[in-house]
Each structure stands twice: as C-alpha cells, then as structure tokens.
$ cat target-v2.tsv   # TSV, C-alpha atoms and all ligand atoms
chain	number	residue	atom	x	y	z
A	20	MET	CA	87.64	115.91	82.76
A	21	LYS	CA	84.95	118.46	83.71
A	22	ILE	CA	85.09	119.41	87.37
A	23	ALA	CA	82.67	121.61	89.34
A	24	PHE	CA	83.66	123.02	92.73
A	25	ILE	CA	80.91	123.97	95.16
A	26	GLY	CA	82.76	126.38	97.43
A	27	GLY	CA	85.76	128.37	96.20
A	28	GLY	CA	87.55	129.10	99.50
A	29	ASN	CA	91.02	128.22	100.80
A	30	MET	CA	91.07	124.50	100.10
A	31	ALA	CA	89.28	124.77	96.75
A	32	ALA	CA	91.85	127.37	95.65
A	33	ALA	CA	94.69	125.08	96.72
A	34	LEU	CA	93.21	122.18	94.73
A	35	ILE	CA	92.44	124.31	91.67
A	36	SER	CA	95.99	125.66	91.64
A	37	GLY	CA	97.23	122.10	91.17
A	38	LEU	CA	94.55	121.03	88.69
A	39	ALA	CA	94.15	123.97	86.33
A	40	GLY	CA	96.23	123.61	83.20
A	41	LYS	CA	97.68	120.29	84.41
A	42	LEU	CA	95.00	117.65	84.89
A	43	THR	CA	92.39	119.63	82.97
A	44	ALA	CA	92.12	123.07	81.35
A	45	GLY	CA	91.02	125.90	83.66
A	46	ALA	CA	88.02	126.37	81.35
A	47	ASN	CA	86.86	122.83	82.28
A	48	ILE	CA	86.67	123.84	85.93
A	49	HIS	CA	83.56	125.62	87.20
A	50	VAL	CA	83.34	127.17	90.67
A	51	VAL	CA	80.13	128.06	92.51
A	52	ASP	CA	80.54	130.43	95.47
A	53	PRO	CA	78.38	133.31	96.75
A	54	ASN	CA	81.51	135.37	97.47
A	55	PRO	CA	82.29	137.43	94.31
A	56	ALA	CA	85.84	138.26	95.48
A	57	ALA	CA	86.73	134.55	95.70
A	58	LEU	CA	85.32	133.92	92.22
A	59	GLU	CA	87.12	136.89	90.63
A	60	LYS	CA	90.44	135.74	92.02
A	61	LEU	CA	90.02	132.16	90.83
A	62	SER	CA	88.86	133.15	87.36
A	63	ALA	CA	91.70	135.69	86.91
A	64	GLN	CA	94.34	133.27	88.18
A	65	PHE	CA	93.25	130.01	86.59
A	66	GLY	CA	90.70	130.83	83.86
A	67	VAL	CA	87.92	128.88	85.59
A	68	THR	CA	84.27	129.68	84.86
A	69	THR	CA	82.18	130.76	87.84
A	70	SER	CA	78.69	131.31	89.17
A	71	GLY	CA	77.36	132.74	92.38
A	72	ALA	CA	74.63	130.37	93.48
A	73	LEU	CA	72.89	127.03	93.13
A	74	PRO	CA	69.10	127.01	92.68
A	75	GLY	CA	67.35	127.35	96.00
A	76	ALA	CA	70.13	129.59	97.33
A	77	GLN	CA	69.28	133.09	98.54
A	78	GLN	CA	71.22	134.80	95.74
A	79	ALA	CA	69.59	135.03	92.31
A	80	PRO	CA	70.29	131.64	90.70
A	81	ASP	CA	72.24	131.51	87.47
A	82	PRO	CA	70.52	129.08	85.03
A	83	ALA	CA	73.59	128.86	82.76
A	84	ALA	CA	75.51	127.40	85.65
A	85	TYR	CA	73.02	124.58	86.25
A	86	GLN	CA	73.95	122.75	83.09
A	87	THR	CA	77.67	123.14	83.79
A	88	VAL	CA	77.33	121.71	87.27
A	89	ALA	CA	74.83	119.03	86.18
A	90	SER	CA	77.12	117.77	83.40
A	91	ALA	CA	80.36	117.73	85.42
A	92	ASP	CA	82.18	114.38	85.70
A	93	VAL	CA	83.29	115.26	89.21
A	94	ILE	CA	81.67	117.63	91.71
A	95	VAL	CA	84.01	118.68	94.53
A	96	LEU	CA	82.13	119.70	97.66
A	97	ALA	CA	84.41	122.25	99.32
A	98	VAL	CA	82.13	124.17	101.70
A	99	LYS	CA	82.32	124.22	105.50
A	100	PRO	CA	80.89	121.10	107.16
A	101	GLN	CA	77.98	123.08	108.63
A	102	SER	CA	76.98	124.26	105.11
A	103	MET	CA	77.15	120.82	103.55
A	104	ARG	CA	73.55	119.76	104.08
A	105	GLU	CA	72.12	122.99	102.64
A	106	VAL	CA	74.45	122.80	99.65
A	107	ALA	CA	73.69	119.11	99.01
A	108	GLU	CA	69.97	119.81	99.10
A	109	GLN	CA	70.45	122.65	96.57
A	110	LEU	CA	72.51	120.33	94.39
A	111	ARG	CA	70.09	117.42	94.51
A	112	PRO	CA	67.63	118.60	91.81
A	113	LEU	CA	70.51	119.24	89.39
A	114	LEU	CA	71.87	115.71	89.52
A	115	PRO	CA	70.73	112.92	87.21
A	116	ALA	CA	68.83	110.09	88.92
A	117	ALA	CA	71.28	107.85	90.72
A	118	GLY	CA	72.20	104.81	88.62
A	119	GLY	CA	74.14	101.69	89.58
A	120	GLU	CA	77.87	101.61	90.18
A	121	GLY	CA	79.62	104.57	88.55
A	122	GLY	CA	76.27	106.12	87.57
A	123	GLY	CA	75.99	109.90	87.80
A	124	PRO	CA	78.84	112.24	88.67
A	125	LEU	CA	81.49	111.44	91.23
A	126	LEU	CA	80.94	113.51	94.40
A	127	LEU	CA	84.22	114.33	96.09
A	128	SER	CA	83.72	115.71	99.59
A	129	ILE	CA	86.63	117.35	101.37
A	130	ALA	CA	84.60	118.33	104.45
A	131	ALA	CA	85.80	117.21	107.85
A	132	GLY	CA	83.33	115.02	109.73
A	133	ILE	CA	80.49	114.78	107.21
A	134	ARG	CA	79.73	111.10	106.58
A	135	ALA	CA	79.17	109.71	103.09
A	136	ALA	CA	75.85	108.12	104.11
A	137	ASP	CA	74.45	111.49	105.21
A	138	LEU	CA	75.73	113.20	102.09
A	139	SER	CA	74.27	110.52	99.84
A	140	ARG	CA	70.90	110.81	101.60
A	141	TRP	CA	70.85	114.61	101.20
A	142	LEU	CA	71.70	114.11	97.50
A	143	GLY	CA	68.77	111.76	96.96
A	144	GLY	CA	70.49	108.42	97.75
A	145	GLY	CA	72.70	105.99	95.84
A	146	ARG	CA	75.40	108.54	95.05
A	147	ALA	CA	79.02	107.76	94.15
A	148	ILE	CA	80.94	109.49	96.93
A	149	VAL	CA	84.63	109.65	97.74
A	150	ARG	CA	85.51	111.35	101.00
A	151	CYS	CA	88.88	113.07	100.98
A	152	MET	CA	90.96	114.81	103.58
A	153	PRO	CA	93.58	117.01	101.89
A	154	ASN	CA	95.79	119.60	103.59
A	155	THR	CA	96.94	123.14	102.79
A	156	PRO	CA	100.46	122.29	101.50
A	157	ALA	CA	98.41	121.29	98.43
A	158	LEU	CA	98.86	124.98	97.56
A	159	ILE	CA	102.48	124.27	96.63
A	160	GLY	CA	101.90	120.73	95.31
A	161	MET	CA	103.13	119.16	98.58
A	162	GLY	CA	99.81	118.12	100.08
A	163	VAL	CA	98.83	114.68	101.27
A	164	THR	CA	95.26	113.41	101.03
A	165	GLY	CA	93.52	110.47	102.66
A	166	LEU	CA	90.67	109.03	100.57
A	167	ALA	CA	87.84	106.56	101.19
A	168	ALA	CA	85.35	105.44	98.54
A	169	SER	CA	81.79	104.47	99.40
A	170	ALA	CA	79.93	101.62	97.72
A	171	GLY	CA	78.84	102.56	94.20
A	172	VAL	CA	82.09	104.26	93.24
A	173	SER	CA	83.51	102.67	90.06
A	174	ALA	CA	87.20	101.89	89.47
A	175	GLU	CA	87.29	104.77	86.92
A	176	GLN	CA	85.84	107.18	89.48
A	177	LYS	CA	88.39	106.06	92.08
A	178	ALA	CA	91.13	106.66	89.53
A	179	ALA	CA	89.69	110.13	88.81
A	180	ALA	CA	89.63	110.99	92.54
A	181	ASP	CA	93.21	109.76	92.88
A	182	ALA	CA	94.36	111.81	89.87
A	183	ILE	CA	92.71	114.98	91.21
A	184	MET	CA	94.35	114.67	94.60
A	185	LYS	CA	97.71	113.54	93.15
A	186	ALA	CA	97.75	116.82	91.18
A	187	VAL	CA	98.44	118.53	94.54
A	188	GLY	CA	100.53	115.90	96.36
A	189	ALA	CA	100.49	112.32	97.62
A	190	THR	CA	97.44	110.11	98.23
A	191	VAL	CA	96.72	107.44	100.85
A	192	TRP	CA	93.63	105.24	100.31
A	193	LEU	CA	91.73	103.93	103.33
A	194	ASP	CA	89.62	100.78	103.50
A	195	ASP	CA	87.23	102.31	106.01
A	196	GLU	CA	85.63	105.76	105.91
A	197	ALA	CA	85.82	106.03	109.71
A	198	LYS	CA	89.62	106.32	109.39
A	199	ILE	CA	89.17	109.73	107.70
A	200	ASP	CA	88.82	111.20	111.22
A	201	ALA	CA	92.28	109.85	112.06
A	202	VAL	CA	93.71	111.27	108.82
A	203	THR	CA	92.12	114.63	109.70
A	204	ALA	CA	93.86	114.53	113.09
A	205	VAL	CA	97.24	113.64	111.56
A	206	SER	CA	97.62	115.44	108.21
A	207	GLY	CA	94.44	117.49	107.67
A	208	SER	CA	94.97	119.57	110.81
A	209	GLY	CA	98.68	118.67	110.94
A	210	PRO	CA	100.07	121.73	109.13
A	211	ALA	CA	98.70	123.85	111.99
A	212	TYR	CA	100.67	121.81	114.55
A	213	VAL	CA	103.84	122.32	112.52
A	214	PHE	CA	103.18	126.06	112.23
A	215	TYR	CA	102.52	126.18	115.98
A	216	PHE	CA	105.87	124.48	116.65
A	217	ILE	CA	107.67	126.82	114.25
A	218	GLU	CA	106.04	129.85	115.88
A	219	ALA	CA	107.12	128.62	119.31
A	220	MET	CA	110.70	128.06	118.09
A	221	GLN	CA	110.79	131.53	116.52
A	222	LYS	CA	109.59	133.12	119.76
A	223	ALA	CA	112.11	131.16	121.81
A	224	ALA	CA	114.90	132.08	119.37
A	225	GLU	CA	114.16	135.78	119.98
A	226	GLU	CA	114.10	135.22	123.74
A	227	LEU	CA	117.57	133.67	123.33
A	228	GLY	CA	118.83	136.86	121.65
A	229	LEU	CA	118.46	136.16	117.91
A	230	SER	CA	116.61	138.55	115.59
A	231	ALA	CA	113.14	137.69	114.28
A	232	GLU	CA	114.60	137.10	110.79
A	233	GLN	CA	117.36	134.87	112.12
A	234	GLY	CA	114.91	132.88	114.24
A	235	LYS	CA	112.60	132.41	111.28
A	236	ALA	CA	115.40	131.36	108.89
A	237	LEU	CA	116.83	128.88	111.41
A	238	ALA	CA	113.49	127.39	112.47
A	239	LEU	CA	112.18	126.98	108.90
A	240	ALA	CA	115.39	125.48	107.51
A	241	THR	CA	115.51	123.09	110.46
A	242	PHE	CA	111.96	121.87	109.82
A	243	THR	CA	112.46	121.52	106.07
A	244	GLY	CA	115.86	119.84	106.45
A	245	ALA	CA	114.82	117.45	109.22
A	246	ALA	CA	111.59	116.46	107.42
A	247	GLN	CA	113.49	115.84	104.17
A	248	LEU	CA	116.18	113.87	106.01
A	249	ALA	CA	113.51	111.68	107.62
A	250	ALA	CA	111.70	111.25	104.29
A	251	GLN	CA	114.88	110.29	102.43
A	252	SER	CA	116.28	108.00	105.14
A	253	ASP	CA	115.59	104.26	105.44
A	254	GLU	CA	116.22	104.50	109.16
A	255	PRO	CA	113.55	105.00	111.83
A	256	VAL	CA	112.93	108.61	112.88
A	257	SER	CA	113.82	107.64	116.46
A	258	LEU	CA	117.36	106.73	115.31
A	259	LEU	CA	117.72	110.07	113.52
A	260	ARG	CA	116.67	111.77	116.76
A	261	GLU	CA	119.21	109.75	118.76
A	262	ARG	CA	122.00	110.80	116.38
A	263	VAL	CA	121.37	114.46	117.23
A	264	THR	CA	121.32	113.71	120.93
A	265	SER	CA	124.87	113.59	122.36
A	266	LYS	CA	124.98	112.08	125.81
A	267	GLY	CA	124.81	114.85	128.40
A	268	GLY	CA	124.72	117.50	125.64
A	269	THR	CA	122.36	120.28	124.59
A	270	THR	CA	119.75	118.18	122.77
A	271	TYR	CA	119.61	115.81	125.72
A	272	ALA	CA	118.88	118.81	127.95
A	273	ALA	CA	116.10	119.99	125.62
A	274	LEU	CA	114.47	116.56	125.17
A	275	THR	CA	114.66	115.87	128.91
A	276	SER	CA	112.81	119.14	129.49
A	277	MET	CA	110.17	118.20	126.86
A	278	ALA	CA	109.70	114.74	128.42
A	279	ALA	CA	109.26	116.32	131.88
A	280	ASP	CA	106.60	118.61	130.37
A	281	GLY	CA	104.82	115.65	128.72
A	282	VAL	CA	105.06	117.11	125.21
A	283	ALA	CA	104.63	113.74	123.41
A	284	GLU	CA	101.57	112.93	125.55
A	285	ALA	CA	100.18	116.42	124.92
A	286	ILE	CA	100.52	115.87	121.16
A	287	GLY	CA	98.72	112.54	121.51
A	288	ARG	CA	95.90	114.21	123.45
A	289	ALA	CA	95.67	117.03	120.91
A	290	MET	CA	95.33	114.59	118.01
A	291	ALA	CA	92.77	112.51	119.90
A	292	ALA	CA	90.79	115.74	120.41
A	293	ALA	CA	90.93	116.48	116.65
A	294	ALA	CA	89.71	112.97	115.75
A	295	ALA	CA	86.95	113.16	118.37
A	296	ARG	CA	85.84	116.55	117.01
A	297	GLY	CA	85.67	115.03	113.50
A	298	ARG	CA	83.36	112.28	114.77
A	299	GLU	CA	81.32	114.80	116.74
A	300	MET	CA	80.92	117.07	113.68
A	301	GLY	CA	79.62	114.08	111.73
A	302	VAL	CA	76.85	113.68	114.31
A	303	GLU	CA	76.27	117.41	114.85
A	304	PHE	CA	75.95	118.38	111.19
A	305	GLY	CA	74.76	115.05	109.80
A	306	ALA	CA	71.94	114.07	112.16
A	307	ALA	CA	68.86	112.66	110.43
A	308	ASP	CA	65.61	114.61	110.84
A	401	LIG	N1	91.47	124.56	105.53
A	401	LIG	C1	92.02	123.36	105.65
A	401	LIG	O1	93.17	123.19	106.05
A	401	LIG	C2	91.21	122.15	105.28
A	401	LIG	C3	89.85	122.21	105.09
A	401	LIG	N2	89.15	121.08	104.77
A	401	LIG	C4	87.69	121.16	104.56
A	401	LIG	O2	87.50	121.96	103.41
A	401	LIG	C5	86.25	122.61	103.51
A	401	LIG	C6	86.39	124.07	103.14
A	401	LIG	O3	87.29	124.66	104.05
A	401	LIG	P1	88.07	126.00	103.69
A	401	LIG	O4	88.37	126.05	102.23
A	401	LIG	O5	89.16	126.12	104.67
A	401	LIG	O6	86.90	127.07	104.03
A	401	LIG	P2	86.62	128.49	103.37
A	401	LIG	O7	85.71	129.20	104.32
A	401	LIG	O8	87.89	129.14	102.93
A	401	LIG	O9	85.79	128.13	102.05
A	401	LIG	C7	84.42	127.79	102.04
A	401	LIG	C8	83.80	128.51	100.86
A	401	LIG	O10	82.46	128.06	100.70
A	401	LIG	C9	81.70	129.16	100.25
A	401	LIG	N3	80.28	128.88	100.44
A	401	LIG	C10	79.52	129.07	101.55
A	401	LIG	N4	78.23	128.73	101.29
A	401	LIG	C11	78.18	128.29	100.00
A	401	LIG	C12	77.14	127.82	99.15
A	401	LIG	N5	75.90	127.70	99.59
A	401	LIG	N6	77.45	127.46	97.87
A	401	LIG	C13	78.72	127.57	97.42
A	401	LIG	N7	79.75	128.03	98.18
A	401	LIG	C14	79.49	128.39	99.44
A	401	LIG	C15	82.21	130.34	101.05
A	401	LIG	O11	81.89	131.59	100.43
A	401	LIG	C16	83.72	130.05	101.03
A	401	LIG	O12	84.39	130.70	99.96
A	401	LIG	C17	85.72	122.39	104.92
A	401	LIG	O13	84.65	121.47	104.87
A	401	LIG	C18	86.91	121.82	105.67
A	401	LIG	O14	86.51	120.86	106.62
A	401	LIG	C19	89.77	119.88	104.55
A	401	LIG	C20	91.11	119.77	104.70
A	401	LIG	C21	91.94	120.87	105.13
A	402	LIG	O1	90.01	122.57	111.15
A	402	LIG	C1	89.25	121.96	110.39
A	402	LIG	O2	88.13	121.58	110.79
A	402	LIG	C2	89.69	121.67	108.97
A	402	LIG	C3	89.77	120.20	108.69
A	402	LIG	C4	91.23	119.88	108.61
A	402	LIG	C5	91.88	121.19	108.60
A	402	LIG	N1	91.03	122.15	108.76

$ encode --input "target-v2.tsv" --output "structure tokens" --more "lines below"
Ligand SMILES: NC(=O)C1=CN([C@@H]2O[C@H](COP(=O)(O)OP(=O)(O)OC[C@H]3O[C@@H](n4cnc5c(N)ncnc54)[C@H](O)[C@@H]3O)[C@@H](O)[C@H]2O)C=CC1
Ligand SMILES: O=C(O)[C@@H]1CCC=N1
Amino acid sequence: MKIAFIGGGNMAAALISGLAGKLTAGANIHVVDPNPAALEKLSAQFGVTTSGALPGAQQAPDPAAYQTVASADVIVLAVKPQSMREVAEQLRPLLPAAGGEGGGPLLLSIAAGIRAADLSRWLGGGRAIVRCMPNTPALIGMGVTGLAASAGVSAEQKAAADAIMKAVGATVWLDDEAKIDAVTAVSGSGPAYVFYFIEAMQKAAEELGLSAEQGKALALATFTGAAQLAAQSDEPVSLLRERVTSKGGTTYAALTSMAADGVAEAIGRAMAAAAARGREMGVEFGAAD
C-alpha cells in the first residue's frame, strides 16, 4: 500500500511509527511538510521519502513529489484544521478526476471539525473520504480511532482505512460523520484530560509530603492499573469504584469531596465544550465562499 501524508507533525509521526515496516515499508510512505526538521526526523527514523511542498505552496514545489502523491493509494491529511482548505486546494490538481465508488485515492482526514463535504468540495467533488479521529497513544500502539466513511468509499477503501488505524491501536466505526465530534471530545482530546488528572494527583501527592518521583510513580501506576483492571473486568466500572470505597473510609471522604465540587458535572461540561468546538471549527474553517 502506497501512503502519502500531507503534514508530518505530531499525529502523522504517531501514525507513521505504527505503519512503517509493519503495514507497509517505510519507502512506500511519502511525507509532505514545509518543516525540514520534521521531514529529516521522519526519514531518519522510518525510511520514508519526503518533500517540502505541494504545487501552489509558497516554497519551491518539488515535481518529483507530485507523481508520488498523485499515485498514492491513500492520502492522509494531517495538517491543522485551519490549513486544510489551502492544502486541499493545492492537492486538487494532482488528483485524478473523481470516478464512481472507490475511484481515485482514499482521502483519510484526521483533522478535528473539518467536514467531509467541505473537503470533497475543495478537492474537486466526488472524493472518497474517511474522517478519522485518532489520539496520541497511537505513538505506542495504544491509540483508539473513531472513523466515518462518506458515500463513495468502497469496501476495500474502508478496509484500508481500518488497517491503517489498527496499526496504531483499536478502531470504532461510526454510522454518522457528525458523531466524530463526540469521539473527539471523548478519546481525541481525552489523553489531555488523563494527563491533567495525573498532573493534579502528582501535585497533591507532593503537598501531602511525598517526593515528586514517588508521586509520579504512584499516580502513573494507579492510572495504568485501574484502567487495565476496568478493561479486563466484566463488571461495570461503577462496581469497581464501589469496591475501593469502604463505608466511612478514605475513598468515601475523597469521593464525597469530589461530588461536593461537582467534578463529574465539570467533566461533562468540559466534554460538551470540546464537542461544541469541533462543530464550530467545522463552520469556521469550512464555510463555503
Ligand atoms: N494532536 C492530537 O492529539 C490530535 C490531532 N488531531 C488532528 O491532527 C491534525 C494535525 O495535528 P498535529 O499533528 O497535532 O499538529 P502539528 O502542528 O504537530 O502538525 C501539523 C503539520 O502540518 C505541517 N503543515 C503546515 N502547512 C502545511 C502544508 N501546506 N503542507 C504540508 N504540511 C503542512 C506543519 O509543518 C506541521 O508539521 C490536526 O488537524 C488535528 O486536529 C487528531 C487527533 C488527535
Ligand atoms: O485539540 C485538538 O483540536 C486536537 C483534536 C483532538 C486532539 N487534539
């Protein structure tokens, strides 16, 4: 499978680390990014080929790269949402005319917010697009990705999208593209909530007299252990929580304090804000002329 990445930043690097040498040879992966440092790192680490610009970009275009991008089976769009329109319009002249179902390359967009209909329009219309929402644990093969296919994506292309994302973790297919905003709020942004919680626990551990190293070791092992226990258990998470919570004991004191502070409600509001921002970005960066 020949894969071209447009954008070689954090998420692209995480995906390439799972793909290169496993799903396809590094030499079958091409990365376009105007940042030379990002390209050097990816080519040294994974043996990918690289180029600095698409035609129409401000940098001097690299004609050898056109053919590589144009003949890719899958083009992963891994730039920031606000760059997506510009990149799609640069990509458009390289792509073969859109055919029927499964015609042309599969476009895999990992951008938050950007809707498939806008992307397809910027790419000349009738494109086979799968929207994906991965997350950064993909870097260690423990990501989870939500995917939604637009009309015109063939069964083979869906299988290719699934294989690419399974190379870095689990996949969850959605029947409706709009649900990608919910996935973004849960698992796309989710690692940041977990890091936030771990940071808070580390800080509190130090305030309680433990060293920074001790706080880190205890907080991390607790997260890993509790998440694995929940994943491996057939029982509801609420029951696992209750088993930790002795009546009148320490956990009860902590959870009572969290309930009084409205922590669960605050998490709900935070995730609603993430989903709303996803929808808003779709409008902000995808508006028709
Ligand atoms: N970071 C995360 O946790 C997640 C990010 N995403 C999505 O992934 C996308 C990329 O995010 P990150 O990798 O975090 O950002 P990043 O800033 O690390 O990477 C973006 C890359 O695009 C490059 N770029 C800019 N203009 C370009 C152009 N015209 N042609 C080619 N490359 C160009 C930049 O040089 C940069 O290396 C975003 O759309 C984001 O919504 C999705 C899931 C999780
Ligand atoms: O914060 C963001 O917009 C991106 C999408 C999900 C994670 N990072």

$ residues_near_ligand --input "target-v2.tsv" --ligand "ligand LIG 401 (chain A)" --cutoff "9 Å" --atoms "all atoms listed in the file" --output "MDAnalysis selection string"
chainID A and resid 24:33 50:58 71:73 76:77 96:103 105:107 109 128:133 151:156 164 203 206:211

$ residues_near_point --input "target-v2.tsv" --point "(93.3, 108.7, 100.2)" --cutoff "6 Å" --atoms "all atoms listed in the file" --output "list of chain:residue names"
A:Thr164, A:Gly165, A:Leu166, A:Ala167, A:Thr190, A:Val191, A:Trp192, A:Leu193

$ axis_aligned_box --input "target-v2.tsv" --around "segment 232-251 of chain A" --padding-each-side "4 Å" --output "lines of an AutoDock Vina configuration file"
center_x = 114.5
center_y = 123.7
center_z = 108.3
size_x = 13.8
size_y = 34.8
size_z = 19.8

$ residues_around --input "target-v2.tsv" --residues "His49 of chain A" --least-positions-apart "4" --cutoff "7 Å" --atoms "only C-alpha atoms" --output "PDB file with C-alpha atoms, in the frame of the given file"
ATOM      1  CA  ILE A  22      85.090 119.410  87.370  1.00  0.00           C
ATOM      2  CA  ALA A  23      82.670 121.610  89.340  1.00  0.00           C
ATOM      3  CA  PHE A  24      83.660 123.020  92.730  1.00  0.00           C
ATOM      4  CA  VAL A  67      87.920 128.880  85.590  1.00  0.00           C
ATOM      5  CA  THR A  68      84.270 129.680  84.860  1.00  0.00           C
ATOM      6  CA  THR A  69      82.180 130.760  87.840  1.00  0.00           C
TER       7      THR A  69
END

$ closest_residue --input "target-v2.tsv" --among "A:Glu226, A:Asp200, A:Asp195, A:Glu108" --to "ligand LIG 402 (chain A)" --atoms "all atoms listed in the file"
A:Asp200

$ atom_distance --input "target-v2.tsv" --atom1 "atom CA of Ala278 of chain A" --atom2 "atom N1 of ligand LIG 402 (chain A)"
28.1 Å

$ residues_around --input "target-v2.tsv" --residues "Leu38 of chain A" --least-positions-apart "4" --cutoff "7 Å" --atoms "only C-alpha atoms" --output "CSV table (one decimal) with C-alpha atoms, in the frame of the given file"
chain,number,residue,atom,x,y,z
A,34,LEU,CA,93.2,122.2,94.7
A,42,LEU,CA,95.0,117.6,84.9
A,43,THR,CA,92.4,119.6,83.0
A,183,ILE,CA,92.7,115.0,91.2
A,186,ALA,CA,97.8,116.8,91.2

$ closest_residue --input "target-v2.tsv" --among "A:Gly160, A:Gly244, A:Gly122, A:Gly287" --to "Gly145 of chain A" --atoms "all atoms listed in the file"
A:Gly122

$ decode --input "target-v2.tsv" --residues "segment 32-51 of chain A" --atoms "N, CA and C atoms" --output "PDB file, in the first residue's frame"
ATOM      1  N   ALA A  32       3.454  11.614  12.807  1.00  0.00           N
ATOM      2  CA  ALA A  32       4.586  10.824  13.303  1.00  0.00           C
ATOM      3  C   ALA A  32       4.090   9.618  14.102  1.00  0.00           C
ATOM      4  N   ALA A  33       3.046   9.832  14.902  1.00  0.00           N
ATOM      5  CA  ALA A  33       2.495   8.722  15.689  1.00  0.00           C
ATOM      6  C   ALA A  33       1.960   7.630  14.756  1.00  0.00           C
ATOM      7  N   LEU A  34       1.244   8.043  13.709  1.00  0.00           N
ATOM      8  CA  LEU A  34       0.678   7.056  12.781  1.00  0.00           C
ATOM      9  C   LEU A  34       1.791   6.344  12.006  1.00  0.00           C
ATOM     10  N   ILE A  35       2.777   7.116  11.543  1.00  0.00           N
ATOM     11  CA  ILE A  35       3.858   6.520  10.747  1.00  0.00           C
ATOM     12  C   ILE A  35       4.657   5.526  11.586  1.00  0.00           C
ATOM     13  N   SER A  36       4.808   5.832  12.880  1.00  0.00           N
ATOM     14  CA  SER A  36       5.567   4.907  13.737  1.00  0.00           C
ATOM     15  C   SER A  36       4.880   3.541  13.805  1.00  0.00           C
ATOM     16  N   GLY A  37       3.571   3.518  13.684  1.00  0.00           N
ATOM     17  CA  GLY A  37       2.858   2.238  13.698  1.00  0.00           C
ATOM     18  C   GLY A  37       2.823   1.573  12.335  1.00  0.00           C
ATOM     19  N   LEU A  38       2.867   2.369  11.286  1.00  0.00           N
ATOM     20  CA  LEU A  38       2.697   1.825   9.929  1.00  0.00           C
ATOM     21  C   LEU A  38       4.003   1.333   9.327  1.00  0.00           C
ATOM     22  N   ALA A  39       5.065   2.125   9.499  1.00  0.00           N
ATOM     23  CA  ALA A  39       6.305   1.864   8.765  1.00  0.00           C
ATOM     24  C   ALA A  39       6.906   0.521   9.154  1.00  0.00           C
ATOM     25  N   GLY A  40       7.128  -0.292   8.154  1.00  0.00           N
ATOM     26  CA  GLY A  40       7.752  -1.597   8.403  1.00  0.00           C
ATOM     27  C   GLY A  40       6.759  -2.631   8.872  1.00  0.00           C
ATOM     28  N   LYS A  41       5.512  -2.235   9.142  1.00  0.00           N
ATOM     29  CA  LYS A  41       4.508  -3.200   9.604  1.00  0.00           C
ATOM     30  C   LYS A  41       3.438  -3.359   8.532  1.00  0.00           C
ATOM     31  N   LEU A  42       2.631  -2.314   8.341  1.00  0.00           N
ATOM     32  CA  LEU A  42       1.589  -2.413   7.306  1.00  0.00           C
ATOM     33  C   LEU A  42       2.194  -2.241   5.915  1.00  0.00           C
ATOM     34  N   THR A  43       3.187  -1.386   5.807  1.00  0.00           N
ATOM     35  CA  THR A  43       3.839  -1.153   4.519  1.00  0.00           C
ATOM     36  C   THR A  43       5.276  -0.703   4.791  1.00  0.00           C
ATOM     37  N   ALA A  44       6.162  -0.899   3.807  1.00  0.00           N
ATOM     38  CA  ALA A  44       7.557  -0.483   4.005  1.00  0.00           C
ATOM     39  C   ALA A  44       7.634   1.027   4.147  1.00  0.00           C
ATOM     40  N   GLY A  45       8.593   1.503   4.952  1.00  0.00           N
ATOM     41  CA  GLY A  45       8.781   2.950   5.110  1.00  0.00           C
ATOM     42  C   GLY A  45       8.942   3.632   3.756  1.00  0.00           C
ATOM     43  N   ALA A  46       9.599   2.948   2.818  1.00  0.00           N
ATOM     44  CA  ALA A  46       9.841   3.538   1.491  1.00  0.00           C
ATOM     45  C   ALA A  46       8.541   3.749   0.712  1.00  0.00           C
ATOM     46  N   ASN A  47       7.457   3.080   1.124  1.00  0.00           N
ATOM     47  CA  ASN A  47       6.146   3.273   0.468  1.00  0.00           C
ATOM     48  C   ASN A  47       5.353   4.417   1.097  1.00  0.00           C
ATOM     49  N   ILE A  48       5.973   5.074   2.069  1.00  0.00           N
ATOM     50  CA  ILE A  48       5.294   6.196   2.729  1.00  0.00           C
ATOM     51  C   ILE A  48       6.011   7.483   2.314  1.00  0.00           C
ATOM     52  N   HIS A  49       5.236   8.450   1.840  1.00  0.00           N
ATOM     53  CA  HIS A  49       5.800   9.737   1.445  1.00  0.00           C
ATOM     54  C   HIS A  49       5.181  10.818   2.333  1.00  0.00           C
ATOM     55  N   VAL A  50       6.009  11.747   2.795  1.00  0.00           N
ATOM     56  CA  VAL A  50       5.502  12.803   3.682  1.00  0.00           C
ATOM     57  C   VAL A  50       5.806  14.171   3.078  1.00  0.00           C
ATOM     58  N   VAL A  51       4.770  14.995   2.966  1.00  0.00           N
ATOM     59  CA  VAL A  51       4.944  16.374   2.501  1.00  0.00           C
ATOM     60  C   VAL A  51       4.769  17.304   3.699  1.00  0.00           C
TER      61      VAL A  51
END
